[in-house]
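Data block below; observations after.
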Amino acid sequence: MPVSAPEQQLTLAQARSLQLAAQGLLTSTAKTATRLALRRCIERMQLLQIDTIQVVARSPYLVLFSRLGAYPAPWLDEALARGQLFEAWAHEACFVPQAQLALHRSHNRTTRRHWGLEMGRDLDPQQQLDVARLLEHVREKGPVRSSDFERTDGRSGGWWGWKDEKRWLEALFARGDLMVARRDRFQRVYDLAERVCPALLDMEMPDPGTVHADFVARAVQALGITQARWIHDYFRTKPRLRDTDLDGFVAQGVLVRVRVHGWDAPAYVHAANRLLLQRALRGALQPTHTTLLSPFDPLVWDRERVAVMFGFDYRIECYTPQPKRQYGYFVLPLLHDGALVGRVDAKAHRTERVFEAKALYLEPDFGPDEHFAACLAQALTQCARWHDTPRVTVTRCVPARFAPVLRRALTFFS
């Protein structure tokens, strides 16, 4: 029986740097952003989660800013309208590279149990007829938005207060009859799937086993390094994986099994990231990036993973009732030199052109210095200018003694 090669061991700092490098967050880019760079950024992450909250820039735009720096936000919408991206239910609602279309359609059709599909199945016979009529309307009249249909039930909108046409459009989207052709002021514009992507007519759908294996490999590649138990959450596949589930991937050379000092479970690196792994082991991946992250950034959306990888306890509180919030409504994790050192409760006051840090909370074990103040001031200023809210104000700091240090640093960039 052949003896397997000894597993390589990384320090936790090296593992963090490997994950940041794979996610495009190790260093700030020195290059001017391009449309191609935007698409490659999404390809590297494999998906880009969509959320509509706009206290600051909506999440998908902010995730890209954290990696690309200042770029024209309409580029993302243009990539969707040009068919370079498509929308799918993946981790949640996501923009996904066009090359993955068959994978997601197959998974959503055969395996995923999404509420949109369930909603479509649970419609009563009359509503099923209404859905069919709506689909025929799109076929004859062309693309539609839910706002094209007047509300007739006398109810208001809001979470789950959707009018019938919105529910039916979402059911048809989840079922695959419709796709999102483009976004109009961030509203979905729906059209027949075969009109949005004519290649669908000749596209072969991979079988569920192939799709699952592909998603496992893509998740590991996007994460850079991961434990088995964190893989399923990236594309929201089932079940949660165990190490034995990955033995075949390791035997085939798709994944490399490694060790991280202090972990009682092995970790995995995709073969495509083997050079990054070697650089991490040599200490050649040095994190120097300071930026604000979206709450829906793939680096932080798995609470267990970010706690183990970065020692950062993070919960998205925008869906938590206000009295139960600890830090604020839309709190942005703060990445600095390879560590998550705090969080910013931010708001872009667009009319006043002010970017307000309503509260800055630094981690208790982090000791801020002048270098950090300068890096944070620059990051806040760049983010504010990108929002077209160039004046930065800091209302509250924890610890309070850091507030005057940060405000002095901000005057340098104003």
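If you're wondering about the labels, chains in the structure tokens are A, B, ... by order shown, residues count from 1 in each chain, ligands from 1 in order shown.
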Name all residues at most 10 Å from region 374-385 of chain A (count only C-alpha atoms; drop same-chain ones fewer than 3 positions away) and give them as a PyMOL selection string. chain A and resi 56-57+62+65-66+69-70+288-292+334-337+344+346-348+353-357+369-371+388-393+405-414
Those same residues - C-alpha atoms - I'd like them written as a short mmCIF file (atom, residue, chain, number, x, y, z; two decimals), in the first residue's frame.
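This went into part-v7.cif:
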```
data_model
loop_
_atom_site.label_atom_id
_atom_site.label_comp_id
_atom_site.auth_asym_id
_atom_site.auth_seq_id
_atom_site.Cartn_x
_atom_site.Cartn_y
_atom_site.Cartn_z
CA VAL A 56 -24.37 52.73 1.72
CA ALA A 57 -23.87 51.28 -1.76
CA LEU A 62 -19.57 47.38 -2.34
CA PHE A 65 -15.26 48.17 -4.49
CA SER A 66 -13.46 46.38 -1.64
CA GLY A 69 -11.22 50.29 -5.61
CA ALA A 70 -13.18 53.06 -7.29
CA THR A 288 -1.46 45.10 3.31
CA HIS A 289 -5.06 45.94 2.39
CA THR A 290 -7.33 48.16 4.49
CA THR A 291 -10.96 48.34 3.39
CA LEU A 292 -14.59 48.23 4.45
CA LEU A 334 -13.09 46.46 8.80
CA LEU A 335 -10.19 44.58 7.19
CA HIS A 336 -6.67 45.80 7.98
CA ASP A 337 -3.36 44.08 7.16
CA VAL A 344 -18.19 50.56 11.13
CA ALA A 346 -21.94 53.64 8.26
CA LYS A 347 -24.46 55.70 6.34
CA ALA A 348 -24.10 57.64 3.09
CA ARG A 353 -22.87 64.47 0.33
CA VAL A 354 -21.69 63.22 3.72
CA PHE A 355 -20.36 59.76 4.54
CA GLU A 356 -21.02 59.23 8.23
CA ALA A 357 -19.28 56.69 10.42
CA ASP A 369 -1.73 53.25 16.16
CA GLU A 370 -0.93 56.16 13.83
CA HIS A 371 -0.31 53.79 10.89
CA ASP A 388 -20.11 60.78 -4.12
CA THR A 389 -20.36 61.73 -0.44
CA PRO A 390 -16.86 63.16 -0.08
CA ARG A 391 -17.11 64.63 3.44
CA VAL A 392 -16.37 62.03 6.10
CA THR A 393 -17.68 62.48 9.63
CA VAL A 405 -6.47 60.39 16.25
CA LEU A 406 -8.73 59.29 13.39
CA ARG A 407 -10.16 62.77 12.86
CA ARG A 408 -6.65 64.22 12.57
CA ALA A 409 -5.77 61.56 10.02
CA LEU A 410 -8.92 62.33 8.04
CA THR A 411 -7.90 65.99 7.64
CA PHE A 412 -4.87 64.82 5.66
CA PHE A 413 -7.13 63.27 2.99
CA SER A 414 -9.87 65.90 2.94
#
```
Interface rows for region 97-187 of chain A against region 208-224 of chain A: nearest pair, Å to one decimal, 10 Å, only C-alpha atoms, as a Markdown table:
```
| residue | atom | partner | partner_atom | distance |
| --- | --- | --- | --- | --- |
| A:Gln100 | CA | A:Asp214 | CA | 9.9 |
| A:Ala102 | CA | A:Val211 | CA | 9.0 |
| A:Leu103 | CA | A:Val211 | CA | 5.7 |
| A:His104 | CA | A:Val211 | CA | 8.1 |
| A:Arg105 | CA | A:Val211 | CA | 9.9 |
| A:Ser106 | CA | A:Pro208 | CA | 7.1 |
| A:His107 | CA | A:Pro208 | CA | 6.5 |
| A:Asn108 | CA | A:Pro208 | CA | 9.9 |
| A:Arg109 | CA | A:Pro208 | CA | 9.7 |
| A:Thr110 | CA | A:Pro208 | CA | 7.1 |
| A:Thr111 | CA | A:Pro208 | CA | 7.1 |
```
Which of region 182-343 of chain A counts as strand (DSSP E or B) under DSSP, as a ChimeraX atom specification please? /A:182-184,187-192,226,255-260,267-270,290-292,331-336,339-343
How close does each residue of region 162-249 of chain A get to region 255-268 of chain A, giving the shortest atom pair and distance in Å to one decimal for every residue with an atom at most 6 Å away, counting only C-alpha atoms, sorted by chain and residue number, as JSON lines?
```
{"residue": "A:Ile225", "atom": "CA", "partner": "A:Tyr268", "partner_atom": "CA", "distance": 5.5}
{"residue": "A:Thr226", "atom": "CA", "partner": "A:Ala267", "partner_atom": "CA", "distance": 5.3}
{"residue": "A:Gln227", "atom": "CA", "partner": "A:Ala267", "partner_atom": "CA", "distance": 4.5}
{"residue": "A:Phe249", "atom": "CA", "partner": "A:Leu255", "partner_atom": "CA", "distance": 5.5}
```
Expected file: the selected residues, N, CA and C atoms, as a CSV table (one decimal), in the first residue's frame:
```csv
chain,number,residue,atom,x,y,z
A,225,ILE,N,-8.7,28.4,1.2
A,225,ILE,CA,-8.5,27.3,2.2
A,225,ILE,C,-9.7,27.2,3.0
A,226,THR,N,-10.1,26.0,3.3
A,226,THR,CA,-11.3,25.8,4.1
A,226,THR,C,-11.4,24.5,4.8
A,227,GLN,N,-12.1,24.4,5.8
A,227,GLN,CA,-12.4,23.1,6.4
A,227,GLN,C,-13.6,22.5,5.6
A,249,PHE,N,-11.8,13.6,-3.9
A,249,PHE,CA,-11.3,14.8,-4.5
A,249,PHE,C,-9.7,14.8,-4.3
```
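Of the residues under consideration (A:Ala171, A:Leu299, A:Val306, A:Leu277), A:Leu299 shows the shortest atom-to-atom contact distance to Gln49 (chain A) when counting only C-alpha atoms.
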If I take CA of His137 (chain A) and CA of Trp115 (chain A), how far is one from the other in Å, to one decimal? 23.8 Å
Determine, counting only C-alpha atoms, which protein, DNA and RNA residues have an atom within 12 Å of an atom of region 148-150 of chain A; residues of the same chain fewer than 5 positions away are not included. Present the result as an MDAnalysis selection string. chainID A and resid 134 137:138 141:143 155:157 162:169 184 187:190
In Å, with one decimal, what is the gap from CA of Leu48 (chain A) to CA of Ala93 (chain A)? 8.5 Å
Write out as number ranges by chain which residues come within 12 Å of Leu36 (chain A) when counting only C-alpha atoms, dropping same-chain ones fewer than 2 positions away. A: 32-34, 38-43, 68, 71, 75-76, 78-79, 84
Hey, can you check how far CA of Glu170 (chain A) sits from CA of Leu200 (chain A)?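 CA of Glu170 (chain A) sits 19.6 Å away from CA of Leu200 (chain A).
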Nearest to Leu12 (chain A), chosen from A:Trp89, A:Phe235, A:Phe296, A:Phe310, with only C-alpha atoms counted in the distances: A:Phe310
What's around Pro295 (chain A) at 12 Å? Count only C-alpha atoms, leave out sequence neighbours fewer than 5 positions away in its own chain, and write the answer as JSON, numbers by chain. {"A": [49, 50, 51, 53, 55, 56, 57, 58, 59, 60, 62, 63, 66, 300, 301, 302, 303, 306, 314, 315, 316, 317, 318, 319, 328, 329, 330, 331, 332, 333, 334, 343, 344, 345, 346]}
Would you write out those residues with N, CA and C atoms, as an mmCIF file, in the first residue's frame?
```
data_model
loop_
_atom_site.group_PDB
_atom_site.id
_atom_site.type_symbol
_atom_site.label_atom_id
_atom_site.label_comp_id
_atom_site.auth_asym_id
_atom_site.auth_seq_id
_atom_site.Cartn_x
_atom_site.Cartn_y
_atom_site.Cartn_z
ATOM 1 N N GLN A 49 -23.214 37.984 -4.186
ATOM 2 C CA GLN A 49 -24.541 38.010 -3.584
ATOM 3 C C GLN A 49 -25.207 39.370 -3.773
ATOM 4 N N ILE A 50 -26.518 39.331 -4.002
ATOM 5 C CA ILE A 50 -27.323 40.527 -4.233
ATOM 6 C C ILE A 50 -28.103 40.855 -2.964
ATOM 7 N N ASP A 51 -28.114 42.112 -2.583
ATOM 8 C CA ASP A 51 -28.998 42.580 -1.521
ATOM 9 C C ASP A 51 -29.407 44.005 -1.858
ATOM 10 N N ILE A 53 -30.465 46.541 0.260
ATOM 11 C CA ILE A 53 -30.289 47.611 1.242
ATOM 12 C C ILE A 53 -29.278 48.624 0.713
ATOM 13 N N VAL A 55 -28.185 51.693 2.525
ATOM 14 C CA VAL A 55 -27.698 52.665 3.515
ATOM 15 C C VAL A 55 -26.367 53.227 3.038
ATOM 16 N N VAL A 56 -25.529 52.343 2.539
ATOM 17 C CA VAL A 56 -24.373 52.731 1.718
ATOM 18 C C VAL A 56 -24.647 52.091 0.357
ATOM 19 N N ALA A 57 -23.646 51.932 -0.472
ATOM 20 C CA ALA A 57 -23.866 51.279 -1.763
ATOM 21 C C ALA A 57 -24.434 49.879 -1.544
ATOM 22 N N ARG A 58 -25.333 49.459 -2.418
ATOM 23 C CA ARG A 58 -25.875 48.113 -2.305
ATOM 24 C C ARG A 58 -24.745 47.091 -2.319
ATOM 25 N N SER A 59 -24.975 45.990 -1.627
ATOM 26 C CA SER A 59 -23.913 45.036 -1.336
ATOM 27 C C SER A 59 -23.081 44.599 -2.539
ATOM 28 N N PRO A 60 -23.669 44.186 -3.672
ATOM 29 C CA PRO A 60 -22.799 43.684 -4.745
ATOM 30 C C PRO A 60 -21.807 44.726 -5.238
ATOM 31 N N LEU A 62 -20.557 47.171 -3.381
ATOM 32 C CA LEU A 62 -19.565 47.383 -2.337
ATOM 33 C C LEU A 62 -18.551 46.246 -2.281
ATOM 34 N N VAL A 63 -19.004 45.010 -2.491
ATOM 35 C CA VAL A 63 -18.079 43.869 -2.526
ATOM 36 C C VAL A 63 -17.026 44.075 -3.603
ATOM 37 N N SER A 66 -14.469 46.833 -2.612
ATOM 38 C CA SER A 66 -13.462 46.382 -1.644
ATOM 39 C C SER A 66 -12.276 45.730 -2.327
ATOM 40 N N VAL A 300 -17.018 37.029 4.926
ATOM 41 C CA VAL A 300 -17.584 37.105 6.279
ATOM 42 C C VAL A 300 -18.991 36.530 6.398
ATOM 43 N N TRP A 301 -19.588 36.023 5.308
ATOM 44 C CA TRP A 301 -21.002 35.659 5.417
ATOM 45 C C TRP A 301 -21.236 34.368 6.203
ATOM 46 N N ASP A 302 -20.204 33.552 6.413
ATOM 47 C CA ASP A 302 -20.337 32.342 7.232
ATOM 48 C C ASP A 302 -19.804 32.674 8.628
ATOM 49 N N ARG A 303 -20.717 32.773 9.584
ATOM 50 C CA ARG A 303 -20.337 33.243 10.921
ATOM 51 C C ARG A 303 -19.328 32.321 11.591
ATOM 52 N N VAL A 306 -15.745 32.693 9.756
ATOM 53 C CA VAL A 306 -15.009 33.913 10.044
ATOM 54 C C VAL A 306 -14.560 33.952 11.503
ATOM 55 N N TYR A 314 -19.150 37.879 14.074
ATOM 56 C CA TYR A 314 -19.899 38.820 13.244
ATOM 57 C C TYR A 314 -21.274 38.279 12.915
ATOM 58 N N ARG A 315 -22.270 39.113 13.138
ATOM 59 C CA ARG A 315 -23.642 38.770 12.779
ATOM 60 C C ARG A 315 -24.238 39.937 11.997
ATOM 61 N N ILE A 316 -24.941 39.615 10.911
ATOM 62 C CA ILE A 316 -25.637 40.646 10.145
ATOM 63 C C ILE A 316 -26.879 41.056 10.930
ATOM 64 N N GLU A 317 -26.944 42.330 11.331
ATOM 65 C CA GLU A 317 -28.003 42.757 12.243
ATOM 66 C C GLU A 317 -29.137 43.516 11.569
ATOM 67 N N CYS A 318 -29.062 43.712 10.246
ATOM 68 C CA CYS A 318 -30.124 44.476 9.595
ATOM 69 C C CYS A 318 -31.460 43.757 9.641
ATOM 70 N N TYR A 319 -31.445 42.440 9.836
ATOM 71 C CA TYR A 319 -32.689 41.686 9.939
ATOM 72 C C TYR A 319 -33.042 41.397 11.401
ATOM 73 N N GLY A 328 -25.486 47.905 15.173
ATOM 74 C CA GLY A 328 -26.165 48.809 14.255
ATOM 75 C C GLY A 328 -26.810 48.070 13.101
ATOM 76 N N TYR A 329 -27.496 48.835 12.261
ATOM 77 C CA TYR A 329 -28.328 48.274 11.197
ATOM 78 C C TYR A 329 -27.508 47.647 10.075
ATOM 79 N N PHE A 330 -26.522 48.370 9.550
ATOM 80 C CA PHE A 330 -25.747 47.888 8.402
ATOM 81 C C PHE A 330 -24.271 48.125 8.707
ATOM 82 N N VAL A 331 -23.708 47.199 9.470
ATOM 83 C CA VAL A 331 -22.365 47.364 10.019
ATOM 84 C C VAL A 331 -21.346 46.679 9.111
ATOM 85 N N LEU A 332 -20.317 47.429 8.720
ATOM 86 C CA LEU A 332 -19.328 46.957 7.760
ATOM 87 C C LEU A 332 -18.081 46.459 8.484
ATOM 88 N N PRO A 333 -17.721 45.184 8.329
ATOM 89 C CA PRO A 333 -16.458 44.706 8.906
ATOM 90 C C PRO A 333 -15.276 45.485 8.339
ATOM 91 N N LEU A 334 -14.269 45.665 9.164
ATOM 92 C CA LEU A 334 -13.094 46.462 8.804
ATOM 93 C C LEU A 334 -11.882 45.544 8.694
ATOM 94 N N ARG A 343 -15.462 47.197 13.176
ATOM 95 C CA ARG A 343 -16.651 47.320 12.329
ATOM 96 C C ARG A 343 -17.135 48.763 12.368
ATOM 97 N N VAL A 344 -17.742 49.181 11.279
ATOM 98 C CA VAL A 344 -18.193 50.563 11.127
ATOM 99 C C VAL A 344 -19.686 50.564 10.826
ATOM 100 N N ASP A 345 -20.449 51.247 11.656
ATOM 101 C CA ASP A 345 -21.868 51.482 11.380
ATOM 102 C C ASP A 345 -21.931 52.740 10.523
ATOM 103 N N ALA A 346 -22.108 52.545 9.219
ATOM 104 C CA ALA A 346 -21.938 53.640 8.261
ATOM 105 C C ALA A 346 -23.257 54.002 7.593
#
```
Distance criterion (only C-alpha atoms): nearest to Gly24 (chain A) out of A:Arg401, A:Arg67, A:Arg133, A:Lys238: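 Closest candidate: A:Arg67.
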